[in-house]
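Engineer: Okay, here's the structure, questions in a sec.
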Amino acid sequence: MKDVVSLGANEVSVRIKRVLLEALKPRESSIIDLSKSLCSVEGIDECGIVVVDVDVKTETVKLTLRGHSVDYDAVLKIMEQQALSIKGIDEIDVEKVKPPVKTAPK
């Protein structure tokens, strides 16, 4: 998914290549199921999850999502469906989408 960012009179298309999120999840929910759901999102090629803290009812997890164009809104929807709460975005890699090269007609 491409996003358009306005910079004054110019608009630039960008896409998310990697995002590292910290989130809180219920202990009973599976990180295997969560990773499969997230990896099924269009534009995501890899999903890594690490449990960094465990409490009685919750776990803090770090999620790394990589792909050619991560659809962040779809990620939020899946996380909401699985009762996860995002604590923060720790890292993000975004790239500018280069416009197609126009060739002169022959």
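Here, A, B, ... name the chains of the structure tokens in the order displayed, residue numbers run from 1 inside each chain, and ligands are numbered from 1 in the same displayed order.
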From a DSSP calculation on the backbone, collect every residue of chain A in strand (DSSP E or B) and output the set as an MDAnalysis selection string.

Structural biologist: chainID A and resid 2:7 10:26 46:54 58:66 85:96

Engineer: Can I get the selected residues back with N, CA and C atoms, as a compact mmCIF listing (two decimals), in the first residue's frame?

Structural biologist:
# COMPACT_ATOMS: atom_id res chain seq x y z
N LYS A 2 0.63 2.13 -0.94
CA LYS A 2 1.38 3.37 -1.02
C LYS A 2 0.60 4.46 -0.32
N ASP A 3 1.33 5.34 0.34
CA ASP A 3 0.74 6.52 0.93
C ASP A 3 1.29 7.73 0.20
N VAL A 4 0.49 8.76 0.11
CA VAL A 4 0.93 10.00 -0.53
C VAL A 4 1.15 11.02 0.56
N VAL A 5 2.34 11.62 0.55
CA VAL A 5 2.72 12.62 1.53
C VAL A 5 2.82 13.95 0.81
N SER A 6 2.14 14.97 1.33
CA SER A 6 2.21 16.30 0.73
C SER A 6 3.35 17.08 1.35
N LEU A 7 4.22 17.62 0.49
CA LEU A 7 5.33 18.46 0.92
C LEU A 7 5.21 19.79 0.19
N ASN A 10 4.41 19.82 -3.66
CA ASN A 10 4.77 18.50 -4.19
C ASN A 10 4.10 17.39 -3.40
N GLU A 11 3.78 16.31 -4.10
CA GLU A 11 3.28 15.10 -3.45
C GLU A 11 4.24 13.97 -3.76
N VAL A 12 4.55 13.19 -2.74
CA VAL A 12 5.49 12.08 -2.89
C VAL A 12 4.81 10.81 -2.42
N SER A 13 4.90 9.75 -3.22
CA SER A 13 4.37 8.45 -2.80
C SER A 13 5.44 7.70 -2.04
N VAL A 14 5.06 7.14 -0.91
CA VAL A 14 5.99 6.37 -0.08
C VAL A 14 5.34 5.05 0.31
N ARG A 15 6.17 4.09 0.68
CA ARG A 15 5.64 2.82 1.18
C ARG A 15 6.50 2.35 2.34
N ILE A 16 5.84 1.65 3.25
CA ILE A 16 6.51 1.12 4.44
C ILE A 16 7.16 -0.20 4.06
N LYS A 17 8.46 -0.31 4.33
CA LYS A 17 9.21 -1.54 4.04
C LYS A 17 9.38 -2.40 5.30
N ARG A 18 9.50 -1.74 6.47
CA ARG A 18 9.70 -2.47 7.72
C ARG A 18 9.18 -1.62 8.86
N VAL A 19 8.54 -2.26 9.81
CA VAL A 19 8.09 -1.56 11.01
C VAL A 19 8.30 -2.47 12.21
N LEU A 20 8.79 -1.89 13.30
CA LEU A 20 8.99 -2.61 14.56
C LEU A 20 8.04 -2.01 15.59
N LEU A 21 7.09 -2.83 16.05
CA LEU A 21 6.07 -2.38 16.99
C LEU A 21 6.27 -3.06 18.34
N GLU A 22 5.92 -2.35 19.40
CA GLU A 22 5.83 -2.96 20.72
C GLU A 22 4.35 -2.96 21.08
N ALA A 23 3.85 -4.13 21.52
CA ALA A 23 2.42 -4.25 21.80
C ALA A 23 2.19 -5.11 23.03
N LEU A 24 1.01 -4.95 23.59
CA LEU A 24 0.56 -5.74 24.73
C LEU A 24 -0.52 -6.68 24.24
N LYS A 25 -0.38 -7.98 24.57
CA LYS A 25 -1.36 -8.96 24.12
C LYS A 25 -1.80 -9.83 25.29
N PRO A 26 -3.01 -10.38 25.21
CA PRO A 26 -3.45 -11.32 26.24
C PRO A 26 -2.57 -12.57 26.22
N GLU A 46 7.32 -10.97 5.63
CA GLU A 46 7.86 -11.62 6.82
C GLU A 46 7.26 -10.99 8.08
N CYS A 47 7.10 -11.83 9.10
CA CYS A 47 6.62 -11.36 10.40
C CYS A 47 7.41 -12.07 11.48
N GLY A 48 8.04 -11.31 12.35
CA GLY A 48 8.75 -11.88 13.49
C GLY A 48 8.18 -11.33 14.78
N ILE A 49 8.01 -12.21 15.77
CA ILE A 49 7.45 -11.78 17.06
C ILE A 49 8.34 -12.32 18.17
N VAL A 50 8.69 -11.44 19.12
CA VAL A 50 9.49 -11.82 20.28
C VAL A 50 8.73 -11.40 21.53
N VAL A 51 8.57 -12.32 22.48
CA VAL A 51 7.96 -11.98 23.77
C VAL A 51 9.08 -11.38 24.64
N VAL A 52 8.87 -10.15 25.11
CA VAL A 52 9.91 -9.48 25.89
C VAL A 52 9.57 -9.34 27.37
N ASP A 53 8.29 -9.53 27.73
CA ASP A 53 7.89 -9.42 29.13
C ASP A 53 6.60 -10.21 29.32
N VAL A 54 6.49 -10.86 30.48
CA VAL A 54 5.31 -11.67 30.78
C VAL A 54 4.76 -11.24 32.13
N THR A 58 -0.99 -10.65 30.73
CA THR A 58 -0.56 -10.10 29.45
C THR A 58 0.90 -10.43 29.15
N GLU A 59 1.26 -10.24 27.88
CA GLU A 59 2.64 -10.35 27.43
C GLU A 59 2.96 -9.11 26.59
N THR A 60 4.16 -8.58 26.77
CA THR A 60 4.64 -7.52 25.90
C THR A 60 5.44 -8.18 24.78
N VAL A 61 5.10 -7.83 23.54
CA VAL A 61 5.76 -8.44 22.39
C VAL A 61 6.34 -7.35 21.49
N LYS A 62 7.42 -7.71 20.79
CA LYS A 62 8.00 -6.87 19.74
C LYS A 62 7.68 -7.56 18.43
N LEU A 63 7.07 -6.84 17.50
CA LEU A 63 6.69 -7.38 16.20
C LEU A 63 7.48 -6.67 15.12
N THR A 64 8.15 -7.45 14.29
CA THR A 64 8.86 -6.90 13.14
C THR A 64 8.14 -7.36 11.88
N LEU A 65 7.67 -6.40 11.10
CA LEU A 65 6.94 -6.69 9.86
C LEU A 65 7.75 -6.14 8.70
N ARG A 66 8.04 -7.01 7.74
CA ARG A 66 8.82 -6.61 6.56
C ARG A 66 8.04 -6.97 5.30
N SER A 85 -2.86 -4.29 21.96
CA SER A 85 -2.79 -2.85 22.12
C SER A 85 -1.37 -2.39 21.79
N ILE A 86 -1.24 -1.50 20.83
CA ILE A 86 0.09 -1.01 20.45
C ILE A 86 0.59 -0.03 21.50
N LYS A 87 1.78 -0.33 22.02
CA LYS A 87 2.43 0.57 22.98
C LYS A 87 3.25 1.63 22.26
N GLY A 88 3.77 1.26 21.08
CA GLY A 88 4.55 2.24 20.34
C GLY A 88 5.17 1.66 19.08
N ILE A 89 5.56 2.57 18.21
CA ILE A 89 6.33 2.20 17.02
C ILE A 89 7.78 2.51 17.35
N ASP A 90 8.61 1.47 17.43
CA ASP A 90 10.01 1.65 17.83
C ASP A 90 10.92 1.97 16.66
N GLU A 91 10.65 1.41 15.50
CA GLU A 91 11.46 1.67 14.31
C GLU A 91 10.57 1.56 13.07
N ILE A 92 10.97 2.27 12.02
CA ILE A 92 10.24 2.17 10.76
C ILE A 92 11.19 2.48 9.61
N ASP A 93 11.06 1.75 8.51
CA ASP A 93 11.80 2.02 7.28
C ASP A 93 10.77 2.29 6.19
N VAL A 94 10.91 3.43 5.53
CA VAL A 94 9.99 3.85 4.48
C VAL A 94 10.83 4.21 3.26
N GLU A 95 10.30 3.92 2.07
CA GLU A 95 11.01 4.32 0.87
C GLU A 95 10.10 5.10 -0.06
N LYS A 96 10.71 5.98 -0.82
CA LYS A 96 9.99 6.76 -1.81
C LYS A 96 9.72 5.87 -3.02

Engineer: List every residue of region 1-92 of chain A that DSSP, applied to the backbone, labels as helix (DSSP H, G or I), and write the result as an MDAnalysis selection string.

Structural biologist: chainID A and resid 31:39 72:81

Engineer: Can you spit out the residues from that selection as a PDB file, in the first residue's frame, using C-alpha atoms?

Structural biologist:
ATOM      1  CA  ILE A  31       1.893 -15.606  18.733  1.00  0.00           C
ATOM      2  CA  ILE A  32       1.836 -18.324  16.068  1.00  0.00           C
ATOM      3  CA  ASP A  33      -1.747 -17.455  15.080  1.00  0.00           C
ATOM      4  CA  LEU A  34      -0.945 -13.739  15.266  1.00  0.00           C
ATOM      5  CA  SER A  35       2.122 -14.091  13.040  1.00  0.00           C
ATOM      6  CA  LYS A  36       0.159 -16.112  10.457  1.00  0.00           C
ATOM      7  CA  SER A  37      -2.627 -13.513  10.408  1.00  0.00           C
ATOM      8  CA  LEU A  38      -0.190 -10.632  10.013  1.00  0.00           C
ATOM      9  CA  CYS A  39       1.835 -12.394   7.320  1.00  0.00           C
ATOM     10  CA  TYR A  72      -0.306  -0.433   8.337  1.00  0.00           C
ATOM     11  CA  ASP A  73      -4.094   0.044   8.525  1.00  0.00           C
ATOM     12  CA  ALA A  74      -4.632  -3.682   7.854  1.00  0.00           C
ATOM     13  CA  VAL A  75      -2.055  -4.490  10.560  1.00  0.00           C
ATOM     14  CA  LEU A  76      -3.939  -2.308  13.058  1.00  0.00           C
ATOM     15  CA  LYS A  77      -7.216  -4.037  12.173  1.00  0.00           C
ATOM     16  CA  ILE A  78      -5.773  -7.539  12.772  1.00  0.00           C
ATOM     17  CA  MET A  79      -4.148  -6.466  16.022  1.00  0.00           C
ATOM     18  CA  GLU A  80      -7.439  -4.973  17.211  1.00  0.00           C
ATOM     19  CA  GLN A  81      -9.313  -8.179  16.266  1.00  0.00           C
TER      20      GLN A  81
END

Engineer: Mind pulling up the distance from CA of Gln82 (chain A) to CA of Arg27 (chain A)?

Structural biologist: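 If I compute the distance from CA of Arg27 (chain A) to CA of Gln82 (chain A), I get 11.4 Å.
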